[in-house]
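**Student:** You'll find my_file.cif just under this line, and it carries mmCIF, C-alpha atoms.
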```cif
data_data
#
loop_
_atom_site.label_atom_id
_atom_site.label_comp_id
_atom_site.auth_asym_id
_atom_site.auth_seq_id
_atom_site.Cartn_x
_atom_site.Cartn_y
_atom_site.Cartn_z
CA MET A 59 83.50 40.24 80.78
CA ASP A 60 82.66 36.78 79.49
CA LEU A 61 83.76 35.52 76.07
CA LYS A 62 80.46 36.28 74.39
CA ASN A 63 80.67 39.92 75.44
CA ILE A 64 84.30 40.17 74.34
CA TYR A 65 83.46 38.79 70.91
CA GLY A 66 80.53 41.21 70.85
CA SER A 67 82.88 44.13 71.49
CA MET A 68 84.89 42.95 68.47
CA GLY A 69 81.89 42.94 66.15
CA ILE A 70 80.47 39.43 66.50
CA SER A 71 76.70 39.38 66.99
CA PRO A 72 75.11 37.04 69.57
CA GLU A 73 73.52 34.98 66.78
CA VAL A 74 76.85 34.35 65.03
CA TYR A 75 78.58 33.59 68.33
CA ASP A 76 75.97 31.05 69.47
CA TYR A 77 75.83 29.38 66.06
CA CYS A 78 79.61 28.91 65.87
CA GLU A 79 79.94 27.83 69.51
CA ALA A 80 77.41 25.03 68.96
CA ARG A 81 79.38 23.72 65.96
CA GLU A 82 82.65 23.94 67.87
CA GLU A 83 81.25 21.87 70.73
CA SER A 84 80.40 19.05 68.33
CA LEU A 85 84.05 18.87 67.19
CA ARG A 86 85.76 18.17 70.53
CA GLU A 87 86.57 14.52 69.79
CA ARG A 88 87.82 15.39 66.31
CA PHE A 89 90.13 18.02 67.75
CA ARG A 90 91.50 15.51 70.24
CA GLN A 91 92.49 13.22 67.37
CA ILE A 92 94.31 16.08 65.66
CA ASP A 93 96.21 16.80 68.86
CA ARG A 94 97.54 13.23 68.85
CA ILE A 95 99.05 13.76 65.38
CA PHE A 96 100.39 17.12 66.54
CA GLU A 97 102.09 15.44 69.49
CA LEU A 98 103.66 12.80 67.27
CA ASN A 99 104.96 15.37 64.78
CA GLN A 100 106.26 17.63 67.53
CA LEU A 101 108.33 14.76 68.88
CA LYS A 102 109.54 13.97 65.35
CA VAL A 103 110.84 17.52 64.87
CA LEU A 104 112.35 17.70 68.34
CA SER A 105 114.08 14.36 67.86
CA ALA A 106 115.54 15.50 64.52
CA MET A 107 116.93 18.65 66.12
CA GLN A 108 118.49 16.74 68.99
CA GLU A 109 119.96 14.04 66.75
CA SER A 110 121.46 16.73 64.50
CA LYS A 111 122.98 18.43 67.58
CA VAL A 112 121.48 21.85 66.90
CA SER A 113 123.41 24.35 68.99
CA GLU A 114 123.37 28.07 69.67
CA ALA A 115 126.12 28.43 67.08
CA CYS A 116 123.61 27.24 64.46
CA LEU A 117 121.55 30.40 65.00
CA VAL A 118 124.33 32.82 63.97
CA GLU A 119 124.04 34.61 60.61
CA THR A 120 126.41 34.52 57.66
CA THR A 121 126.80 36.90 54.72
CA GLY A 122 128.45 36.99 51.32
CA TYR A 123 129.12 33.56 49.88
CA GLY A 124 127.96 31.79 53.03
CA TYR A 125 130.79 29.29 53.07
CA ASN A 126 130.78 26.93 56.05
CA ASP A 127 127.41 28.14 57.35
CA ILE A 128 126.97 25.55 60.09
CA GLY A 129 123.45 26.68 60.87
CA ARG A 130 122.28 26.39 57.27
CA ASP A 131 123.94 23.01 56.79
CA ARG A 132 122.62 21.65 60.08
CA LEU A 133 119.09 22.86 59.27
CA GLU A 134 119.19 20.90 56.02
CA GLU A 135 120.26 17.87 58.03
CA VAL A 136 117.28 18.40 60.33
CA TYR A 137 114.88 18.60 57.38
CA ALA A 138 116.32 15.40 55.92
CA ARG A 139 115.72 13.66 59.26
CA VAL A 140 112.17 15.03 59.59
CA PHE A 141 111.22 13.96 56.05
CA ARG A 142 113.23 10.71 56.21
CA THR A 143 115.30 11.57 53.12
CA GLU A 144 118.95 11.38 52.15
CA ASP A 145 119.40 15.12 51.80
CA ALA A 146 117.59 18.46 51.76
CA LEU A 147 117.94 21.95 50.33
CA VAL A 148 116.40 24.58 52.65
CA ARG A 149 117.11 28.14 51.60
CA SER A 150 115.82 31.65 52.12
CA GLN A 151 116.98 32.28 48.52
CA ILE A 152 113.94 30.24 47.41
CA VAL A 153 111.27 32.94 47.29
CA CYS A 154 108.05 30.88 47.17
CA GLY A 155 106.61 27.41 46.66
CA THR A 156 106.43 27.86 42.89
CA HIS A 157 110.13 28.77 42.89
CA ALA A 158 110.96 25.64 44.90
CA LEU A 159 108.98 23.48 42.48
CA ALA A 160 110.54 25.15 39.43
CA THR A 161 114.02 24.64 40.90
CA ALA A 162 113.31 20.93 41.43
CA LEU A 163 111.82 20.51 37.95
CA PHE A 164 114.51 22.40 36.04
CA GLY A 165 117.25 20.67 38.00
CA ASN A 166 115.92 17.15 37.40
CA THR A 167 114.92 17.29 33.73
CA ARG A 168 116.88 17.74 30.51
CA PRO A 169 115.96 18.81 26.95
CA GLY A 170 113.87 16.11 25.31
CA ASP A 171 112.41 14.91 28.62
CA GLU A 172 108.72 14.92 29.44
CA ILE A 173 107.04 15.69 32.77
CA PHE A 174 103.80 13.83 33.46
CA SER A 175 101.08 14.56 36.01
CA PRO A 176 98.73 11.65 36.83
CA VAL A 177 96.43 13.88 38.94
CA GLY A 178 95.32 16.52 36.44
CA LEU A 179 96.66 19.98 35.72
CA PRO A 180 98.77 21.43 38.54
CA TYR A 181 98.20 24.69 40.41
CA ASP A 182 97.80 27.82 38.28
CA THR A 183 101.25 29.33 38.85
CA LEU A 184 103.04 26.13 37.82
CA LEU A 185 101.35 26.22 34.41
CA SER A 186 103.65 29.09 33.44
CA VAL A 187 106.71 27.18 34.66
CA LEU A 188 105.74 24.17 32.55
CA GLY A 189 104.84 26.26 29.50
CA VAL A 190 101.16 25.27 29.45
CA ASN A 191 100.61 29.01 29.70
CA GLU A 192 103.12 30.64 27.36
CA SER A 193 105.78 32.26 29.53
CA GLN A 194 109.31 33.48 28.94
CA GLY A 195 111.85 31.03 30.36
CA SER A 196 109.45 28.09 30.77
CA LEU A 197 110.48 24.44 30.69
CA LYS A 198 108.83 24.23 27.28
CA GLU A 199 111.35 26.75 25.92
CA TYR A 200 114.12 24.44 27.14
CA GLY A 201 112.70 21.47 25.26
CA VAL A 202 110.94 19.81 28.20
CA SER A 203 107.36 18.84 27.40
CA PHE A 204 104.42 18.25 29.73
CA SER A 205 101.45 15.92 29.66
CA TYR A 206 98.80 14.86 32.14
CA CYS A 207 95.72 12.78 32.72
CA ASP A 208 92.77 13.67 34.92
CA LEU A 209 91.45 11.77 37.88
CA ARG A 210 88.27 9.80 37.35
CA GLU A 211 84.94 11.45 38.12
CA ASP A 212 84.87 9.77 41.53
CA GLY A 213 88.31 11.17 42.36
CA SER A 214 90.18 7.88 41.95
CA PHE A 215 93.28 7.38 39.84
CA ASP A 216 92.77 6.50 36.17
CA TYR A 217 95.38 3.75 36.08
CA GLU A 218 94.85 2.89 32.42
CA ALA A 219 95.32 6.53 31.41
CA ILE A 220 98.41 6.75 33.61
CA ARG A 221 99.90 3.67 31.99
CA LYS A 222 99.32 5.17 28.54
CA GLY A 223 100.60 8.59 29.64
CA ILE A 224 104.01 7.32 30.77
CA ASN A 225 106.27 6.89 27.76
CA ASP A 226 109.94 6.59 26.79
CA ARG A 227 110.48 10.33 27.27
CA THR A 228 108.80 10.51 30.69
CA ALA A 229 111.63 11.51 33.03
CA LEU A 230 109.68 12.96 35.94
CA VAL A 231 106.22 12.39 37.40
CA THR A 232 104.84 15.26 39.45
CA ILE A 233 102.09 14.68 42.02
CA GLN A 234 100.30 17.64 43.56
CA ARG A 235 99.12 16.63 47.01
CA SER A 236 96.76 19.54 47.68
CA ARG A 237 93.71 20.52 45.68
CA GLY A 238 95.01 23.94 44.58
CA TYR A 239 92.26 25.98 42.92
CA SER A 240 90.42 22.85 41.82
CA GLN A 241 87.47 20.78 42.97
CA ARG A 242 89.38 17.53 43.44
CA HIS A 243 90.16 16.13 46.88
CA THR A 244 93.55 16.41 48.55
CA LEU A 245 95.58 13.21 48.33
CA SER A 246 96.44 11.26 51.46
CA VAL A 247 99.91 9.86 51.98
CA GLU A 248 98.45 6.37 51.56
CA GLU A 249 96.89 7.31 48.21
CA ILE A 250 100.22 8.79 47.12
CA ARG A 251 101.95 5.56 48.18
CA GLU A 252 99.59 3.50 45.99
CA LEU A 253 100.05 5.88 43.05
CA ILE A 254 103.84 5.82 43.35
CA ALA A 255 103.84 2.02 43.49
CA PHE A 256 101.82 1.88 40.27
CA VAL A 257 104.03 4.43 38.50
CA ARG A 258 107.11 2.42 39.52
CA SER A 259 105.52 -0.73 38.11
CA VAL A 260 105.21 1.04 34.75
CA LYS A 261 108.60 2.77 34.75
CA PRO A 262 110.82 1.92 37.74
CA GLU A 263 113.56 4.45 36.98
CA VAL A 264 111.33 7.54 36.67
CA THR A 265 111.86 10.40 39.14
CA ILE A 266 108.79 11.13 41.27
CA MET A 267 108.23 14.54 42.86
CA VAL A 268 105.43 15.46 45.28
CA ASP A 269 104.28 19.05 45.67
CA ASN A 270 103.79 18.89 49.43
CA CYS A 271 102.52 22.46 49.93
CA TYR A 272 99.87 22.78 52.67
CA GLY A 273 100.21 19.11 53.65
CA GLU A 274 103.22 19.04 55.99
CA PHE A 275 102.54 17.70 59.52
CA ILE A 276 98.86 16.98 58.90
CA GLU A 277 99.48 13.22 58.87
CA ALA A 278 101.88 11.09 60.86
CA THR A 279 104.02 10.45 57.76
CA GLU A 280 105.09 12.44 54.70
CA PRO A 281 105.07 11.47 50.98
CA SER A 282 108.84 11.07 51.13
CA GLU A 283 108.17 8.03 53.31
CA ALA A 284 105.80 6.69 50.63
CA GLY A 285 108.43 6.36 47.91
CA ALA A 286 108.73 9.89 46.47
CA ASP A 287 112.19 10.91 45.27
CA MET A 288 111.50 14.52 46.24
CA VAL A 289 109.01 16.45 48.37
CA VAL A 290 108.87 20.18 47.83
CA GLY A 291 107.26 23.04 49.72
CA SER A 292 107.27 26.64 50.91
CA LEU A 293 108.48 27.91 54.28
CA ILE A 294 105.72 30.53 54.44
CA LYS A 295 103.28 27.66 54.56
CA ASN A 296 103.20 24.82 57.12
CA PRO A 297 106.91 24.09 57.78
CA GLY A 298 107.80 27.71 58.51
CA GLY A 299 105.36 27.83 61.43
CA GLY A 300 104.44 31.44 60.64
CA ILE A 301 107.91 32.53 61.77
CA ALA A 302 110.09 31.86 58.72
CA PRO A 303 110.17 35.15 56.77
CA VAL A 304 110.79 33.52 53.38
CA GLY A 305 112.13 30.32 51.87
CA GLY A 306 111.43 26.91 50.47
CA TYR A 307 112.65 23.33 50.78
CA ILE A 308 113.40 20.34 48.59
CA ALA A 309 113.95 17.09 50.49
CA GLY A 310 114.81 13.87 48.72
CA THR A 311 117.50 11.66 47.31
CA GLU A 312 121.04 12.97 47.28
CA LYS A 313 121.01 13.01 43.47
CA CYS A 314 117.75 14.96 43.17
CA VAL A 315 118.76 17.51 45.79
CA LYS A 316 122.17 18.05 44.17
CA ASN A 317 120.52 18.55 40.78
CA ALA A 318 118.17 21.13 42.30
CA ALA A 319 121.05 22.86 44.09
CA ALA A 320 122.93 23.16 40.79
CA ARG A 321 119.93 25.00 39.41
CA LEU A 322 119.46 27.24 42.47
CA THR A 323 123.12 28.32 42.61
CA ALA A 324 125.29 27.04 39.75
CA PRO A 325 126.88 23.79 38.56
CA GLY A 326 129.93 23.12 40.69
CA LEU A 327 128.67 25.35 43.53
CA TYR A 328 125.66 23.26 44.56
CA LYS A 329 124.84 23.63 48.28
CA GLU A 330 128.14 25.22 49.31
CA LEU A 331 126.98 28.80 48.74
CA GLY A 332 124.03 30.75 50.05
CA PRO A 333 124.31 32.89 53.20
CA SER A 334 121.69 32.60 55.92
CA LEU A 335 121.54 36.42 56.34
CA GLY A 336 120.31 36.18 59.90
CA ASN A 337 117.40 33.86 59.07
CA ASN A 338 118.72 30.69 60.70
CA ARG A 339 117.05 31.21 64.06
CA LEU A 340 113.74 32.02 62.39
CA LEU A 341 113.86 28.93 60.17
CA TYR A 342 114.73 26.64 63.09
CA GLN A 343 112.12 28.17 65.35
CA GLY A 344 109.50 28.09 62.60
CA LEU A 345 110.10 24.39 62.00
CA PHE A 346 109.91 23.72 65.74
CA MET A 347 106.53 25.50 65.91
CA ALA A 348 105.22 24.01 62.65
CA PRO A 349 103.39 20.95 64.05
CA SER A 350 101.48 23.14 66.52
CA VAL A 351 100.60 25.78 63.93
CA ALA A 352 99.54 23.18 61.33
CA ALA A 353 97.25 21.54 63.90
CA SER A 354 95.69 24.91 64.77
CA ALA A 355 95.08 25.67 61.10
CA GLU A 356 93.55 22.25 60.56
CA LYS A 357 91.13 22.76 63.46
CA GLY A 358 90.10 26.13 62.05
CA ALA A 359 89.41 24.56 58.66
CA ILE A 360 87.23 21.88 60.27
CA LEU A 361 85.24 24.49 62.18
CA LEU A 362 84.68 26.42 58.96
CA SER A 363 83.43 23.24 57.28
CA ALA A 364 80.97 22.59 60.10
CA VAL A 365 79.72 26.18 60.18
CA TYR A 366 79.18 26.60 56.44
CA GLY A 367 78.17 23.00 55.78
CA ASP A 368 75.25 23.34 58.16
CA LEU A 369 74.16 26.44 56.25
CA GLY A 370 73.88 24.33 53.10
CA PHE A 371 77.05 25.41 51.30
CA GLU A 372 79.32 22.89 49.57
CA CYS A 373 82.35 22.34 51.82
CA ALA A 374 85.31 20.14 50.99
CA PRO A 375 86.37 18.28 53.00
CA GLY A 376 83.33 17.85 55.24
CA PRO A 377 83.82 18.25 59.01
CA SER A 378 83.90 14.49 59.63
CA GLU A 379 86.13 13.59 56.66
CA GLU A 380 89.80 12.74 57.07
CA ARG A 381 92.02 15.68 56.17
CA HIS A 382 95.36 15.71 54.38
CA ASP A 383 96.10 19.45 54.21
CA ILE A 384 95.03 22.70 55.88
CA ILE A 385 92.82 24.03 53.08
CA GLU A 386 89.03 24.22 53.29
CA ALA A 387 87.13 24.92 50.07
CA VAL A 388 83.66 26.47 50.22
CA THR A 389 81.77 26.70 46.93
CA PHE A 390 79.27 29.55 46.86
CA HIS A 391 78.23 29.66 43.17
CA ASP A 392 78.04 33.44 43.60
CA PRO A 393 80.90 35.95 43.24
CA GLU A 394 79.34 38.32 45.78
CA LEU A 395 79.47 35.63 48.46
CA VAL A 396 83.17 35.02 47.68
CA LYS A 397 83.93 38.74 48.01
CA SER A 398 81.95 39.12 51.23
CA PHE A 399 83.58 36.05 52.78
CA CYS A 400 87.10 37.32 52.04
CA ARG A 401 86.27 40.76 53.39
CA GLY A 402 85.08 39.16 56.62
CA VAL A 403 88.30 37.17 56.97
CA GLN A 404 90.30 40.36 56.37
CA ARG A 405 88.37 42.08 59.19
CA ALA A 406 89.64 39.31 61.51
CA ALA A 407 93.30 39.95 60.61
CA SER A 408 95.95 41.12 63.06
CA VAL A 409 97.54 43.27 60.34
CA ASP A 410 95.60 45.43 57.84
CA SER A 411 92.22 44.48 59.31
CA PHE A 412 90.85 47.78 57.96
CA ILE A 413 91.69 46.92 54.32
CA ARG A 414 88.86 45.96 51.94
CA PRO A 415 90.00 43.19 49.56
CA GLU A 416 89.02 43.54 45.92
CA PRO A 417 89.47 41.11 43.00
CA THR A 418 92.54 42.04 40.98
CA PRO A 419 94.84 40.62 38.27
CA THR A 420 97.66 38.65 39.92
CA PRO A 421 100.91 37.38 38.35
CA GLY A 422 100.69 33.71 37.41
CA TYR A 423 96.88 33.53 37.40
CA ALA A 424 94.50 33.59 34.44
CA HIS A 425 91.59 35.12 36.38
CA ASP A 426 91.24 37.96 38.85
CA ILE A 427 92.02 36.80 42.38
CA ILE A 428 90.57 38.09 45.63
CA MET A 429 92.79 37.59 48.67
CA ALA A 430 92.26 38.21 52.35
CA ALA A 431 95.67 38.10 53.99
CA GLY A 432 96.46 40.34 56.92
CA CYS A 433 99.77 38.71 57.78
CA PHE A 434 102.99 39.36 59.70
CA ILE A 435 104.82 37.68 56.79
CA SER A 436 103.64 39.05 53.45
CA GLY A 437 101.69 36.42 51.53
CA SER A 438 102.02 33.80 54.26
CA SER A 439 99.25 31.24 53.81
CA ILE A 440 99.93 29.47 57.09
CA GLU A 441 98.61 32.64 58.68
CA LEU A 442 94.85 33.27 58.60
CA SER A 443 93.96 33.89 54.97
CA ALA A 444 91.40 33.20 52.28
CA ASP A 445 91.49 33.59 48.53
CA GLY A 446 89.99 32.40 45.31
CA PRO A 447 89.75 33.09 41.58
CA LEU A 448 86.69 34.96 40.35
CA ARG A 449 85.51 32.15 38.08
CA GLU A 450 82.86 29.43 38.12
CA PRO A 451 81.89 27.77 40.40
CA TYR A 452 83.05 30.64 42.68
CA THR A 453 84.91 28.71 45.33
CA VAL A 454 86.87 30.32 48.14
CA TYR A 455 89.85 28.63 49.81
CA PHE A 456 90.39 29.21 53.53
CA GLN A 457 93.63 28.28 55.24
CA GLY A 458 95.99 29.07 58.05
CA GLY A 459 95.83 30.52 61.51
CA LEU A 460 98.84 30.66 63.81
CA THR A 461 96.48 29.82 66.67
CA TYR A 462 93.18 27.99 66.57
CA TYR A 463 91.38 30.88 68.23
CA HIS A 464 92.47 33.29 65.54
CA SER A 465 91.12 30.85 62.94
CA LYS A 466 87.91 30.64 64.94
CA PHE A 467 87.58 34.42 64.96
CA GLY A 468 88.15 34.42 61.20
CA VAL A 469 85.34 31.91 60.72
CA MET A 470 83.02 33.99 62.91
CA MET A 471 83.87 37.27 61.19
CA SER A 472 83.38 35.80 57.72
CA LEU A 473 79.90 34.72 58.77
CA GLN A 474 79.26 38.10 60.37
CA GLN A 475 80.19 39.83 57.11
CA LEU A 476 77.78 37.69 55.10
CA LEU A 477 75.06 38.52 57.62
CA GLU A 478 75.75 42.26 57.46
CA ASP A 479 75.85 42.18 53.66
CA GLY A 480 72.42 40.54 53.58
CA LEU A 481 73.73 37.40 51.90
CA ILE A 482 72.45 35.16 54.68
CA LYS A 483 69.54 35.78 57.02
CA LYS A 484 69.61 35.91 60.81
CA GLU A 485 66.90 33.22 60.88
CA GLN A 486 69.35 30.75 59.34
CA LEU A 487 71.50 30.98 62.46
CA LEU A 488 68.75 30.25 64.94
#
```
Kindly return the structure encoded in the file as structure tokens.
**Tutor:**
Amino acid sequence: MDLKNIYGSMGISPEVYDYCEAREESLRERFRQIDRIFELNQLKVLSAMQESKVSEACLVETTGYGYNDIGRDRLEEVYARVFRTEDALVRSQIVCGTHALATALFGNTRPGDEIFSPVGLPYDTLLSVLGVNESQGSLKEYGVSFSYCDLREDGSFDYEAIRKGINDRTALVTIQRSRGYSQRHTLSVEEIRELIAFVRSVKPEVTIMVDNCYGEFIEATEPSEAGADMVVGSLIKNPGGGIAPVGGYIAGTEKCVKNAAARLTAPGLYKELGPSLGNNRLLYQGLFMAPSVAASAEKGAILLSAVYGDLGFECAPGPSEERHDIIEAVTFHDPELVKSFCRGVQRAASVDSFIRPEPTPTPGYAHDIIMAAGCFISGSSIELSADGPLREPYTVYFQGGLTYYHSKFGVMMSLQQLLEDGLIKKEQLL
């Protein structure tokens, strides 16, 4: 059987197949450029592992207190080398990206301090951590305030507003690299470098943290090489390579990492405790695979942009635009299109492909969320997934794919679902 027939046996109509194949063919040169970044980042990770002398002994588990866990300690050394930082905290005890960010924020602020965001409100779940949304145990309850300024309408930094927003109490500036559930563009490392330089010119001693979720290994450098004191992320996104079963990381200055470790464990314990519980091999192997997986996810996002952009939908970024994370946003202006799209992506899943996603209340979010996520690791957004809040302008966010061809199948099946639901016409694909 040829590929077209195989896709047909899996539910993809000839019209959808031909339409997507034509868009894929136009992206060959773009994919080649991505592979060059993948190659560079693969060598960066491999070099860090070799320089840190990772051995078979590093893959052995520990339990209890986790004292003298050579694998855990060596992994944190590897992360510090990869991100070009003084130190790193990489733990399976960090349960998600929001937890990693909260640990970094609580550890590096004190009562009376203020946190400032120069790029608008952060991702929905962090609003509860900050106390923007009233939540028990928030930073606001501990006397840490929060302020922000928006980007300009053209997406550029509002330097005058930033200058006014930084005050005597500003102790930490947080920069969200990715778009989150917003319409703004994802920040490049170079844009982050310029923003950090400006912030330092206003207040040199301020601590600067970058939420690096979804951005790792998409560029040749990381925000930690652009002057950030800390970069923070989740291991069930890019750096876990779809293999890490849980975890998060904080890489940065020795002081910032120690402050965060005191919050994760306890003052005086810092990084000395925390057993690996048999996860060491998975975390090492996930990091080793991460550049490849991130490149595959990026290619899938670009294909999605080309496929839906040519149908007239608003796609960000466009297929020819430079990318700085793995997320593709498609704005439908119609909740039924969002639901149909997510149901199509779910049909392409390796796990739970028979499940029908429905919008539902979700902890940390103000609106019902619909999520397509048939994953080996529950909630992993480096695996093929799509989600979005049921609110105007009804945008869906597509990300992940452990292999490019799984991402491609997800793009095809999402389009197939829209076709079957009568939300696009067959003539549009001809």
**Student:** Go through the shown structure with the PyMOL selection byres ((chain A and resi 252) around 12) and write out the matching residues as a PyMOL selection string.
**Tutor:** chain A and resi 214-215+217+245-251+253-259+281+284-286
**Student:** Compile a residue-level contact table for segment 67-95 of chain A against segment 100-124 of chain A at a cut-off of 12 Å, reporting for every qualifying residue the shortest atom pair and its distance in Å to one decimal, with all atoms listed in the file counted, rows ordered by chain and ascending number, as JSON lines.
**Tutor:**
```
{"residue": "A:Asp93", "atom": "CA", "partner": "A:Gln100", "partner_atom": "CA", "distance": 10.2}
{"residue": "A:Arg94", "atom": "CA", "partner": "A:Gln100", "partner_atom": "CA", "distance": 9.9}
{"residue": "A:Ile95", "atom": "CA", "partner": "A:Gln100", "partner_atom": "CA", "distance": 8.5}
```
**Student:** Which residues match the PyMOL selection byres ((chain A and resi 438-440) around 6) in the file above, as a list in words?
**Tutor:**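 When the PyMOL selection byres ((chain A and resi 438-440) around 6) is applied, the selected residues are Ile294, Lys295, Asn296, Ile435, Ser436, Gly437, Glu441 and Gly458 of chain A.
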**Student:** So which one's closest to Arg132 of chain A, A:Asn338, A:Asn166, A:Thr389, A:Val187? Using all atoms listed in the file, please.
**Tutor:** A:Asn338
**Student:** Taking (92.1, 15.3, 50.8) in the file's coordinates, which residues come within 12 Å, counting only C-alpha atoms, written as a PDB file with C-alpha atoms, in the coordinates of the input?
**Tutor:**
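Okay, this is what ended up in out18.pdb:
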```pdb
ATOM      1  CA  GLY A 213      88.310  11.170  42.360  1.00  0.00           C
ATOM      2  CA  SER A 214      90.180   7.880  41.950  1.00  0.00           C
ATOM      3  CA  GLN A 234     100.300  17.640  43.560  1.00  0.00           C
ATOM      4  CA  ARG A 235      99.120  16.630  47.010  1.00  0.00           C
ATOM      5  CA  SER A 236      96.760  19.540  47.680  1.00  0.00           C
ATOM      6  CA  ARG A 237      93.710  20.520  45.680  1.00  0.00           C
ATOM      7  CA  GLY A 238      95.010  23.940  44.580  1.00  0.00           C
ATOM      8  CA  SER A 240      90.420  22.850  41.820  1.00  0.00           C
ATOM      9  CA  GLN A 241      87.470  20.780  42.970  1.00  0.00           C
ATOM     10  CA  ARG A 242      89.380  17.530  43.440  1.00  0.00           C
ATOM     11  CA  HIS A 243      90.160  16.130  46.880  1.00  0.00           C
ATOM     12  CA  THR A 244      93.550  16.410  48.550  1.00  0.00           C
ATOM     13  CA  LEU A 245      95.580  13.210  48.330  1.00  0.00           C
ATOM     14  CA  SER A 246      96.440  11.260  51.460  1.00  0.00           C
ATOM     15  CA  VAL A 247      99.910   9.860  51.980  1.00  0.00           C
ATOM     16  CA  GLU A 248      98.450   6.370  51.560  1.00  0.00           C
ATOM     17  CA  GLU A 249      96.890   7.310  48.210  1.00  0.00           C
ATOM     18  CA  ILE A 250     100.220   8.790  47.120  1.00  0.00           C
ATOM     19  CA  TYR A 272      99.870  22.780  52.670  1.00  0.00           C
ATOM     20  CA  GLY A 273     100.210  19.110  53.650  1.00  0.00           C
ATOM     21  CA  ILE A 276      98.860  16.980  58.900  1.00  0.00           C
ATOM     22  CA  GLU A 277      99.480  13.220  58.870  1.00  0.00           C
ATOM     23  CA  ALA A 374      85.310  20.140  50.990  1.00  0.00           C
ATOM     24  CA  PRO A 375      86.370  18.280  53.000  1.00  0.00           C
ATOM     25  CA  GLY A 376      83.330  17.850  55.240  1.00  0.00           C
ATOM     26  CA  GLU A 379      86.130  13.590  56.660  1.00  0.00           C
ATOM     27  CA  GLU A 380      89.800  12.740  57.070  1.00  0.00           C
ATOM     28  CA  ARG A 381      92.020  15.680  56.170  1.00  0.00           C
ATOM     29  CA  HIS A 382      95.360  15.710  54.380  1.00  0.00           C
ATOM     30  CA  ASP A 383      96.100  19.450  54.210  1.00  0.00           C
ATOM     31  CA  ILE A 384      95.030  22.700  55.880  1.00  0.00           C
ATOM     32  CA  ILE A 385      92.820  24.030  53.080  1.00  0.00           C
ATOM     33  CA  GLU A 386      89.030  24.220  53.290  1.00  0.00           C
ATOM     34  CA  ALA A 387      87.130  24.920  50.070  1.00  0.00           C
TER      35      ALA A 387
END
```
**Student:** Skipping near chain neighbours, those fewer than 3 positions away, what residues fall within 12 Å of Asn191 of chain A using all atoms listed in the file, listed as number ranges by chain?
**Tutor:** A: 179-188, 194-199, 204, 422-424
